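Here's entry39.pdb, which has PDB, C-alpha atoms and all ligand atoms:
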ATOM      1  CA  MET P   1       3.513   8.151  77.529  1.00  0.00           C
ATOM      2  CA  VAL P   2       0.456   8.298  75.268  1.00  0.00           C
ATOM      3  CA  ILE P   3       1.531  10.991  72.847  1.00  0.00           C
ATOM      4  CA  GLU P   4       1.703  10.070  69.207  1.00  0.00           C
ATOM      5  CA  LEU P   5       1.897  12.379  66.184  1.00  0.00           C
ATOM      6  CA  ARG P   6       1.404  11.313  62.576  1.00  0.00           C
ATOM      7  CA  ALA P   7       3.118  12.614  59.438  1.00  0.00           C
ATOM      8  CA  PRO P   8       1.556  11.455  56.176  1.00  0.00           C
ATOM      9  CA  GLY P   9       3.642   9.639  53.593  1.00  0.00           C
ATOM     10  CA  VAL P  10       4.425  11.252  50.241  1.00  0.00           C
ATOM     11  CA  SER P  11       3.860   9.289  46.994  1.00  0.00           C
ATOM     12  CA  ALA P  12       5.213   5.797  47.738  1.00  0.00           C
ATOM     13  CA  THR P  13       6.610   6.476  51.223  1.00  0.00           C
ATOM     14  CA  PRO P  14       4.806   5.102  54.296  1.00  0.00           C
ATOM     15  CA  ASP P  15       3.310   7.273  57.041  1.00  0.00           C
ATOM     16  CA  LEU P  16       5.491   8.262  59.980  1.00  0.00           C
ATOM     17  CA  ALA P  17       4.583   7.970  63.644  1.00  0.00           C
ATOM     18  CA  LEU P  18       6.281  10.211  66.224  1.00  0.00           C
ATOM     19  CA  ARG P  19       6.311   9.245  69.897  1.00  0.00           C
ATOM     20  CA  PRO P  20       8.569   9.747  72.947  1.00  0.00           C
ATOM     21  CA  TRP P  21      11.619   7.472  73.053  1.00  0.00           C
ATOM     22  CA  HIS P  22      11.292   4.128  74.892  1.00  0.00           C
ATOM     23  CA  ASP P  23      13.973   2.109  76.672  1.00  0.00           C
ATOM     24  CA  ASP P  24      13.608  -0.635  74.077  1.00  0.00           C
ATOM     25  CA  ASP P  25      14.706   1.787  71.327  1.00  0.00           C
ATOM     26  CA  LEU P  26      18.286   1.324  72.593  1.00  0.00           C
ATOM     27  CA  GLY P  27      19.402  -1.045  69.819  1.00  0.00           C
ATOM     28  CA  ALA P  28      18.070   1.184  67.039  1.00  0.00           C
ATOM     29  CA  LEU P  29      19.573   4.284  68.688  1.00  0.00           C
ATOM     30  CA  LEU P  30      23.000   2.628  68.810  1.00  0.00           C
ATOM     31  CA  ASP P  31      22.662   1.513  65.175  1.00  0.00           C
ATOM     32  CA  ALA P  32      21.807   5.055  64.071  1.00  0.00           C
ATOM     33  CA  TYR P  33      24.779   6.527  65.951  1.00  0.00           C
ATOM     34  CA  ARG P  34      27.238   4.183  64.210  1.00  0.00           C
ATOM     35  CA  ASP P  35      27.011   6.578  61.249  1.00  0.00           C
ATOM     36  CA  PRO P  36      29.913   9.096  61.183  1.00  0.00           C
ATOM     37  CA  VAL P  37      27.769  11.701  59.408  1.00  0.00           C
ATOM     38  CA  LEU P  38      25.237  11.638  62.234  1.00  0.00           C
ATOM     39  CA  ARG P  39      28.031  11.802  64.822  1.00  0.00           C
ATOM     40  CA  ARG P  40      29.529  14.806  63.071  1.00  0.00           C
ATOM     41  CA  TRP P  41      26.396  16.879  63.512  1.00  0.00           C
ATOM     42  CA  THR P  42      25.282  15.831  66.998  1.00  0.00           C
ATOM     43  CA  ARG P  43      26.603  17.069  70.338  1.00  0.00           C
ATOM     44  CA  VAL P  44      26.058  14.167  72.738  1.00  0.00           C
ATOM     45  CA  PRO P  45      28.061  11.015  71.894  1.00  0.00           C
ATOM     46  CA  VAL P  46      26.319   7.639  71.804  1.00  0.00           C
ATOM     47  CA  THR P  47      29.047   5.077  71.251  1.00  0.00           C
ATOM     48  CA  SER P  48      28.187   2.386  73.808  1.00  0.00           C
ATOM     49  CA  PRO P  49      25.094   0.845  75.438  1.00  0.00           C
ATOM     50  CA  ALA P  50      25.868   2.853  78.604  1.00  0.00           C
ATOM     51  CA  GLU P  51      25.876   6.127  76.637  1.00  0.00           C
ATOM     52  CA  GLY P  52      22.720   5.050  74.821  1.00  0.00           C
ATOM     53  CA  ARG P  53      20.919   4.320  78.086  1.00  0.00           C
ATOM     54  CA  ARG P  54      22.063   7.722  79.433  1.00  0.00           C
ATOM     55  CA  TRP P  55      20.745   9.416  76.262  1.00  0.00           C
ATOM     56  CA  LEU P  56      17.358   7.697  76.658  1.00  0.00           C
ATOM     57  CA  ARG P  57      17.194   8.476  80.390  1.00  0.00           C
ATOM     58  CA  ARG P  58      17.982  12.115  79.696  1.00  0.00           C
ATOM     59  CA  ALA P  59      15.312  12.279  76.986  1.00  0.00           C
ATOM     60  CA  ARG P  60      12.722  10.933  79.436  1.00  0.00           C
ATOM     61  CA  GLN P  61      13.774  13.326  82.240  1.00  0.00           C
ATOM     62  CA  ASP P  62      13.646  16.302  79.892  1.00  0.00           C
ATOM     63  CA  TRP P  63      10.095  15.323  78.857  1.00  0.00           C
ATOM     64  CA  ASP P  64       9.065  15.040  82.502  1.00  0.00           C
ATOM     65  CA  GLU P  65      10.538  18.467  83.269  1.00  0.00           C
ATOM     66  CA  GLY P  66       9.063  20.064  80.136  1.00  0.00           C
ATOM     67  CA  ARG P  67      12.491  21.313  79.030  1.00  0.00           C
ATOM     68  CA  ARG P  68      12.990  19.412  75.845  1.00  0.00           C
ATOM     69  CA  PHE P  69      10.744  17.080  73.852  1.00  0.00           C
ATOM     70  CA  SER P  70      12.476  14.357  71.815  1.00  0.00           C
ATOM     71  CA  PHE P  71      10.429  12.135  69.519  1.00  0.00           C
ATOM     72  CA  ALA P  72      11.444   8.818  68.009  1.00  0.00           C
ATOM     73  CA  VAL P  73      10.184   8.751  64.415  1.00  0.00           C
ATOM     74  CA  LEU P  74       9.001   5.365  63.170  1.00  0.00           C
ATOM     75  CA  GLU P  75       8.114   4.215  59.704  1.00  0.00           C
ATOM     76  CA  GLU P  76       5.583   1.424  59.177  1.00  0.00           C
ATOM     77  CA  GLN P  77       7.237  -1.383  57.251  1.00  0.00           C
ATOM     78  CA  ALA P  78       6.154  -4.931  56.321  1.00  0.00           C
ATOM     79  CA  GLU P  79       8.101  -6.391  59.242  1.00  0.00           C
ATOM     80  CA  GLY P  80       6.724  -3.778  61.677  1.00  0.00           C
ATOM     81  CA  PRO P  81       7.628  -0.205  62.674  1.00  0.00           C
ATOM     82  CA  ARG P  82      11.269   0.780  62.156  1.00  0.00           C
ATOM     83  CA  LEU P  83      13.078   3.702  63.759  1.00  0.00           C
ATOM     84  CA  VAL P  84      14.052   6.218  61.060  1.00  0.00           C
ATOM     85  CA  ALA P  85      14.725   9.543  62.792  1.00  0.00           C
ATOM     86  CA  ASN P  86      14.788  11.737  65.862  1.00  0.00           C
ATOM     87  CA  VAL P  87      13.202  15.170  66.110  1.00  0.00           C
ATOM     88  CA  VAL P  88      13.452  17.423  69.143  1.00  0.00           C
ATOM     89  CA  LEU P  89      11.990  20.664  70.432  1.00  0.00           C
ATOM     90  CA  LYS P  90      14.549  22.265  72.762  1.00  0.00           C
ATOM     91  CA  GLY P  91      15.514  25.484  74.478  1.00  0.00           C
ATOM     92  CA  ILE P  92      12.175  25.827  76.244  1.00  0.00           C
ATOM     93  CA  THR P  93      12.833  28.293  79.061  1.00  0.00           C
ATOM     94  CA  PRO P  94      11.047  31.423  80.277  1.00  0.00           C
ATOM     95  CA  GLN P  95      14.186  33.400  79.317  1.00  0.00           C
ATOM     96  CA  ARG P  96      14.143  32.180  75.753  1.00  0.00           C
ATOM     97  CA  PRO P  97      10.900  32.915  73.932  1.00  0.00           C
ATOM     98  CA  VAL P  98      11.894  31.099  70.723  1.00  0.00           C
ATOM     99  CA  PRO P  99      12.560  27.361  71.117  1.00  0.00           C
ATOM    100  CA  GLU P 100      14.574  25.451  68.549  1.00  0.00           C
ATOM    101  CA  VAL P 101      13.932  22.326  66.522  1.00  0.00           C
ATOM    102  CA  GLY P 102      16.644  19.714  65.938  1.00  0.00           C
ATOM    103  CA  TYR P 103      16.688  16.489  63.957  1.00  0.00           C
ATOM    104  CA  TRP P 104      18.565  13.628  62.440  1.00  0.00           C
ATOM    105  CA  THR P 105      17.541  10.852  60.058  1.00  0.00           C
ATOM    106  CA  ALA P 106      19.148   7.411  60.321  1.00  0.00           C
ATOM    107  CA  SER P 107      21.490   6.710  57.395  1.00  0.00           C
ATOM    108  CA  TRP P 108      19.184   3.931  56.147  1.00  0.00           C
ATOM    109  CA  ALA P 109      16.246   6.318  55.711  1.00  0.00           C
ATOM    110  CA  ARG P 110      17.790   9.465  54.192  1.00  0.00           C
ATOM    111  CA  GLY P 111      16.681  11.057  50.954  1.00  0.00           C
ATOM    112  CA  ARG P 112      12.978  10.175  51.370  1.00  0.00           C
ATOM    113  CA  GLY P 113      11.751  13.350  53.016  1.00  0.00           C
ATOM    114  CA  VAL P 114      11.599  11.815  56.506  1.00  0.00           C
ATOM    115  CA  ALA P 115      13.110  14.806  58.331  1.00  0.00           C
ATOM    116  CA  PRO P 116      10.951  17.446  56.575  1.00  0.00           C
ATOM    117  CA  ARG P 117       7.745  15.522  57.310  1.00  0.00           C
ATOM    118  CA  ALA P 118       8.694  14.838  60.921  1.00  0.00           C
ATOM    119  CA  VAL P 119       9.866  18.424  61.571  1.00  0.00           C
ATOM    120  CA  THR P 120       6.618  19.752  60.077  1.00  0.00           C
ATOM    121  CA  ALA P 121       4.591  17.514  62.425  1.00  0.00           C
ATOM    122  CA  LEU P 122       6.761  18.570  65.390  1.00  0.00           C
ATOM    123  CA  SER P 123       6.417  22.278  64.542  1.00  0.00           C
ATOM    124  CA  ARG P 124       2.612  22.029  64.395  1.00  0.00           C
ATOM    125  CA  TRP P 125       2.578  20.149  67.689  1.00  0.00           C
ATOM    126  CA  ALA P 126       4.809  22.815  69.301  1.00  0.00           C
ATOM    127  CA  PHE P 127       2.511  25.675  68.271  1.00  0.00           C
ATOM    128  CA  ASP P 128      -0.550  23.719  69.457  1.00  0.00           C
ATOM    129  CA  ARG P 129       0.909  22.573  72.741  1.00  0.00           C
ATOM    130  CA  LEU P 130       2.760  25.783  73.741  1.00  0.00           C
ATOM    131  CA  PRO P 131       0.468  28.719  72.985  1.00  0.00           C
ATOM    132  CA  GLN P 132       3.101  31.196  74.201  1.00  0.00           C
ATOM    133  CA  VAL P 133       5.399  30.049  71.399  1.00  0.00           C
ATOM    134  CA  THR P 134       4.791  31.924  68.162  1.00  0.00           C
ATOM    135  CA  ARG P 135       8.128  31.351  66.446  1.00  0.00           C
ATOM    136  CA  LEU P 136      10.571  28.446  66.168  1.00  0.00           C
ATOM    137  CA  ASP P 137      14.280  28.532  65.331  1.00  0.00           C
ATOM    138  CA  LEU P 138      16.206  26.032  63.229  1.00  0.00           C
ATOM    139  CA  LEU P 139      20.018  26.291  63.261  1.00  0.00           C
ATOM    140  CA  HIS P 140      22.595  24.493  61.156  1.00  0.00           C
ATOM    141  CA  GLN P 141      26.224  24.954  60.161  1.00  0.00           C
ATOM    142  CA  VAL P 142      26.638  26.677  56.775  1.00  0.00           C
ATOM    143  CA  ASP P 143      28.066  23.618  55.040  1.00  0.00           C
ATOM    144  CA  ASN P 144      25.262  21.286  56.150  1.00  0.00           C
ATOM    145  CA  VAL P 145      23.435  21.543  52.838  1.00  0.00           C
ATOM    146  CA  ALA P 146      21.064  18.645  53.589  1.00  0.00           C
ATOM    147  CA  SER P 147      19.958  20.360  56.798  1.00  0.00           C
ATOM    148  CA  CYS P 148      19.437  23.657  54.975  1.00  0.00           C
ATOM    149  CA  ARG P 149      17.174  21.797  52.529  1.00  0.00           C
ATOM    150  CA  VAL P 150      15.130  20.441  55.439  1.00  0.00           C
ATOM    151  CA  ALA P 151      14.646  24.026  56.681  1.00  0.00           C
ATOM    152  CA  GLN P 152      13.488  25.158  53.240  1.00  0.00           C
ATOM    153  CA  LYS P 153      11.124  22.203  52.769  1.00  0.00           C
ATOM    154  CA  CYS P 154       9.500  22.853  56.163  1.00  0.00           C
ATOM    155  CA  GLY P 155       8.948  26.545  55.385  1.00  0.00           C
ATOM    156  CA  TYR P 156      11.585  27.845  57.816  1.00  0.00           C
ATOM    157  CA  ALA P 157      12.725  31.167  56.322  1.00  0.00           C
ATOM    158  CA  PHE P 158      16.418  32.065  56.321  1.00  0.00           C
ATOM    159  CA  GLN P 159      17.089  34.935  58.757  1.00  0.00           C
ATOM    160  CA  GLU P 160      20.813  35.415  59.295  1.00  0.00           C
ATOM    161  CA  VAL P 161      24.317  33.987  59.393  1.00  0.00           C
ATOM    162  CA  LEU P 162      25.413  33.253  62.974  1.00  0.00           C
ATOM    163  CA  PRO P 163      29.047  33.201  64.150  1.00  0.00           C
ATOM    164  CA  ALA P 164      30.555  29.765  64.786  1.00  0.00           C
ATOM    165  CA  ARG P 165      29.685  28.302  68.185  1.00  0.00           C
ATOM    166  CA  PRO P 166      31.544  25.290  69.681  1.00  0.00           C
ATOM    167  CA  PRO P 167      31.520  22.393  69.079  1.00  0.00           C
ATOM    168  CA  PHE P 168      30.783  23.416  65.475  1.00  0.00           C
ATOM    169  CA  PRO P 169      33.738  25.222  63.845  1.00  0.00           C
ATOM    170  CA  LEU P 170      32.004  27.173  61.053  1.00  0.00           C
ATOM    171  CA  ASP P 171      29.347  29.870  60.920  1.00  0.00           C
ATOM    172  CA  GLY P 172      25.724  28.810  60.986  1.00  0.00           C
ATOM    173  CA  HIS P 173      22.364  29.693  59.489  1.00  0.00           C
ATOM    174  CA  ARG P 174      19.333  30.627  61.538  1.00  0.00           C
ATOM    175  CA  HIS P 175      15.951  29.918  59.948  1.00  0.00           C
ATOM    176  CA  THR P 176      12.585  30.605  61.569  1.00  0.00           C
ATOM    177  CA  LEU P 177       8.984  29.481  61.251  1.00  0.00           C
ATOM    178  CA  ASP P 178       6.122  31.631  62.522  1.00  0.00           C
ATOM    179  CA  VAL P 179       2.839  30.297  63.860  1.00  0.00           C
ATOM    180  CA  GLY P 180      -0.105  30.449  61.523  1.00  0.00           C
TER
HETATM  181  C1  LIG P 201      19.922  16.554  57.337  1.00  0.00           C
HETATM  182  C2  LIG P 201      19.113  15.266  57.402  1.00  0.00           C
HETATM  183  C3  LIG P 201      18.334  15.269  58.706  1.00  0.00           C
HETATM  184  C4  LIG P 201      18.119  15.234  56.214  1.00  0.00           C
HETATM  185  O1  LIG P 201      17.188  14.197  56.459  1.00  0.00           O
HETATM  186  P1  LIG P 201      16.376  13.434  55.290  1.00  0.00           P
HETATM  187  O2  LIG P 201      15.284  12.707  55.990  1.00  0.00           O
HETATM  188  O3  LIG P 201      17.296  12.661  54.448  1.00  0.00           O
HETATM  189  O4  LIG P 201      15.772  14.656  54.455  1.00  0.00           O
HETATM  190  P2  LIG P 201      15.437  14.721  52.863  1.00  0.00           P
HETATM  191  O5  LIG P 201      15.058  13.375  52.373  1.00  0.00           O
HETATM  192  O6  LIG P 201      14.486  15.838  52.696  1.00  0.00           O
HETATM  193  O7  LIG P 201      16.816  15.123  52.192  1.00  0.00           O
HETATM  194  C5  LIG P 201      17.369  16.419  52.438  1.00  0.00           C
HETATM  195  C6  LIG P 201      18.621  16.586  51.583  1.00  0.00           C
HETATM  196  O8  LIG P 201      19.543  15.559  51.921  1.00  0.00           O
HETATM  197  C7  LIG P 201      20.338  15.233  50.750  1.00  0.00           C
HETATM  198  N1  LIG P 201      20.155  13.810  50.441  1.00  0.00           N
HETATM  199  C8  LIG P 201      19.284  13.239  49.568  1.00  0.00           C
HETATM  200  N2  LIG P 201      19.436  11.903  49.564  1.00  0.00           N
HETATM  201  C9  LIG P 201      20.395  11.627  50.474  1.00  0.00           C
HETATM  202  C10 LIG P 201      20.978  10.417  50.939  1.00  0.00           C
HETATM  203  N3  LIG P 201      20.599   9.232  50.481  1.00  0.00           N
HETATM  204  N4  LIG P 201      21.934  10.495  51.905  1.00  0.00           N
HETATM  205  C11 LIG P 201      22.315  11.679  52.414  1.00  0.00           C
HETATM  206  N5  LIG P 201      21.773  12.880  52.016  1.00  0.00           N
HETATM  207  C12 LIG P 201      20.840  12.834  51.050  1.00  0.00           C
HETATM  208  C13 LIG P 201      19.825  16.117  49.633  1.00  0.00           C
HETATM  209  O9  LIG P 201      20.597  17.299  49.644  1.00  0.00           O
HETATM  210  C14 LIG P 201      18.412  16.409  50.108  1.00  0.00           C
HETATM  211  O10 LIG P 201      17.898  17.594  49.545  1.00  0.00           O
HETATM  212  P3  LIG P 201      17.044  17.481  48.159  1.00  0.00           P
HETATM  213  O11 LIG P 201      15.791  16.768  48.518  1.00  0.00           O
HETATM  214  O12 LIG P 201      16.862  18.883  47.767  1.00  0.00           O
HETATM  215  O13 LIG P 201      17.869  16.676  47.182  1.00  0.00           O
HETATM  216  C15 LIG P 201      20.012  14.006  57.298  1.00  0.00           C
HETATM  217  O14 LIG P 201      20.881  14.143  56.173  1.00  0.00           O
HETATM  218  C16 LIG P 201      20.872  13.795  58.546  1.00  0.00           C
HETATM  219  O15 LIG P 201      20.416  13.168  59.496  1.00  0.00           O
HETATM  220  N6  LIG P 201      22.103  14.301  58.567  1.00  0.00           N
HETATM  221  C17 LIG P 201      22.978  14.098  59.733  1.00  0.00           C
HETATM  222  C18 LIG P 201      22.463  14.826  60.979  1.00  0.00           C
HETATM  223  C19 LIG P 201      22.202  16.280  60.698  1.00  0.00           C
HETATM  224  O16 LIG P 201      22.862  16.904  59.889  1.00  0.00           O
HETATM  225  N7  LIG P 201      21.207  16.835  61.421  1.00  0.00           N
HETATM  226  C20 LIG P 201      20.869  18.244  61.305  1.00  0.00           C
HETATM  227  C21 LIG P 201      21.805  19.038  62.175  1.00  0.00           C
HETATM  228  S1  LIG P 201      21.448  20.793  62.037  1.00  0.00           S
END
Exercise: express the given structure as structure tokens:
Amino acid sequence: MVIELRAPGVSATPDLALRPWHDDDLGALLDAYRDPVLRRWTRVPVTSPAEGRRWLRRARQDWDEGRRFSFAVLEEQAEGPRLVANVVLKGITPQRPVPEVGYWTASWARGRGVAPRAVTALSRWAFDRLPQVTRLDLLHQVDNVASCRVAQKCGYAFQEVLPARPPFPLDGHRHTLDVG
């Protein structure tokens, strides 16, 4: 698929490239999912090559069906591009006018503003690509402070506390970003 978004680096950090996931991202996907923090905040388990291949197949099918757009986020490094994050636009149905963004950053790339830059690029792409979409949601559990910071850095305004929804046991925050 020939879609690629760019997110500029900040100070000493390299630029990011966002593109649909490829089959040969399997190794990096499995490495990222070895992190218990990432596993805690994601719904679909990826603990084996079979689960990783299923995850990648699902990501490709969802792209093809226009239901959900997952981007691998790569950082240019001396040895070549390295996977650093995943960002996703989901919940795209006629019944639901406000899609949602989701994200994780691999443990080896946290604390360098990767998620805020990638989510900002994704949000712009969503408003450009889906003219009917004028607002995006971002949800996180109340105690996910790092995720709340990502929302703030991307300009997603806090809207409300949501009741807990399985599999997450605590209440959540809903933040939104409006087009424009
Ligand atoms: C939330 C998450 C995506 C943030 O990604 P990131 O690329 O590290 O984003 P930032 O660099 O902007 O850091 C955001 C916050 O993470 C925390 N943080 C900073 N360095 C960190 C590090 N090395 N390790 C973990 N968290 C760190 C800080 O609270 C930071 O906020 P600050 O900049 O105000 O200090 C990342 O922590 C993650 O993948 N967590 C697990 C999955 C998850 O929670 N996804 C969101 C579900 S709603």
Got a sec to check which residues lie within 6 Å of ligand LIG 201 (chain P), using all atoms listed in the file, and send them as a count of residues only? 20
Using the chain letters and numbering of this document, enumerate as a list in words the residues selected by the PyMOL selection byres (((chain P and resi 22) around 10) and not hetatm). Met1, Arg19, Pro20, Trp21, Asp23, Asp24, Asp25, Leu26, Leu56, Arg57, Ala59, Arg60, Phe71 and Ala72 of chain P
Choose the residue, out of P:Leu122, P:Val46, P:Leu83, P:Ala109, that has the smallest atom-to-atom separation from P:Arg6; count all atoms listed in the file.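 Answer, going by the shortest atom-to-atom distance: P:Leu122.
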Hey, can you check how far atom CA of P:Ala121 sits from atom CA of P:Val88?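 Answer for the atom CA of P:Ala121 to atom CA of P:Val88 separation: 11.1 Å.
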I'd like the contact shell of stretch 155-160 of chain P - 9 Å cut-off, all atoms listed in the file, skipping same-chain residues fewer than 2 positions apart - returned as a count of residues only. 16
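Distance annotation: of P:Pro99, P:Pro131, P:Pro45, P:Pro14, the residue with the minimal separation from P:Arg82 is P:Pro14; atom set is all atoms listed in the file.
For the pair atom CA of P:Arg39 and atom CA of P:Pro8, the interatomic distance is 27.9 Å.
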By how many Å are atom CA of P:Ile92 and atom CA of P:Val161 apart?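 So the answer is 22.3 Å.
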Taking all atoms listed in the file into account, name the residue in P:Val73, P:Ala7, P:Ala50, P:Ala32 that is nearest to P:Arg117.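 Ranking P:Val73, P:Ala7, P:Ala50, P:Ala32 by distance to P:Arg117, first place goes to P:Ala7.
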Residue nearest P:Thr13 - candidates P:Glu65, P:Glu75, P:Glu51, P:Asp31, atoms counted: only C-alpha atoms: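 Looking only at the distances to P:Thr13, the closest residue turns out to be P:Glu75.
Closest to P:Arg34 among P:Val98, P:Trp108, P:Gly66, P:Glu79 is P:Trp108, based on only C-alpha atoms.
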List the neighbours of P:Pro169 out to 12 Å using only C-alpha atoms; skip same-chain residues closer than 2 positions along the sequence, and give me the result as a PyMOL selection string. chain P and resi 40-41+140-143+162-167+171-172
P:Gly180, P:Asn86, P:Leu74, P:Leu170: which is nearest P:Gly9, counting all atoms listed in the file? P:Leu74
Please provide the set of residues having any atom within 8 Å of P:Lys90, restricted to all atoms listed in the file, with same-chain residues fewer than 6 positions apart removed, written as a ChimeraX atom specification. /P:67-69,99-102
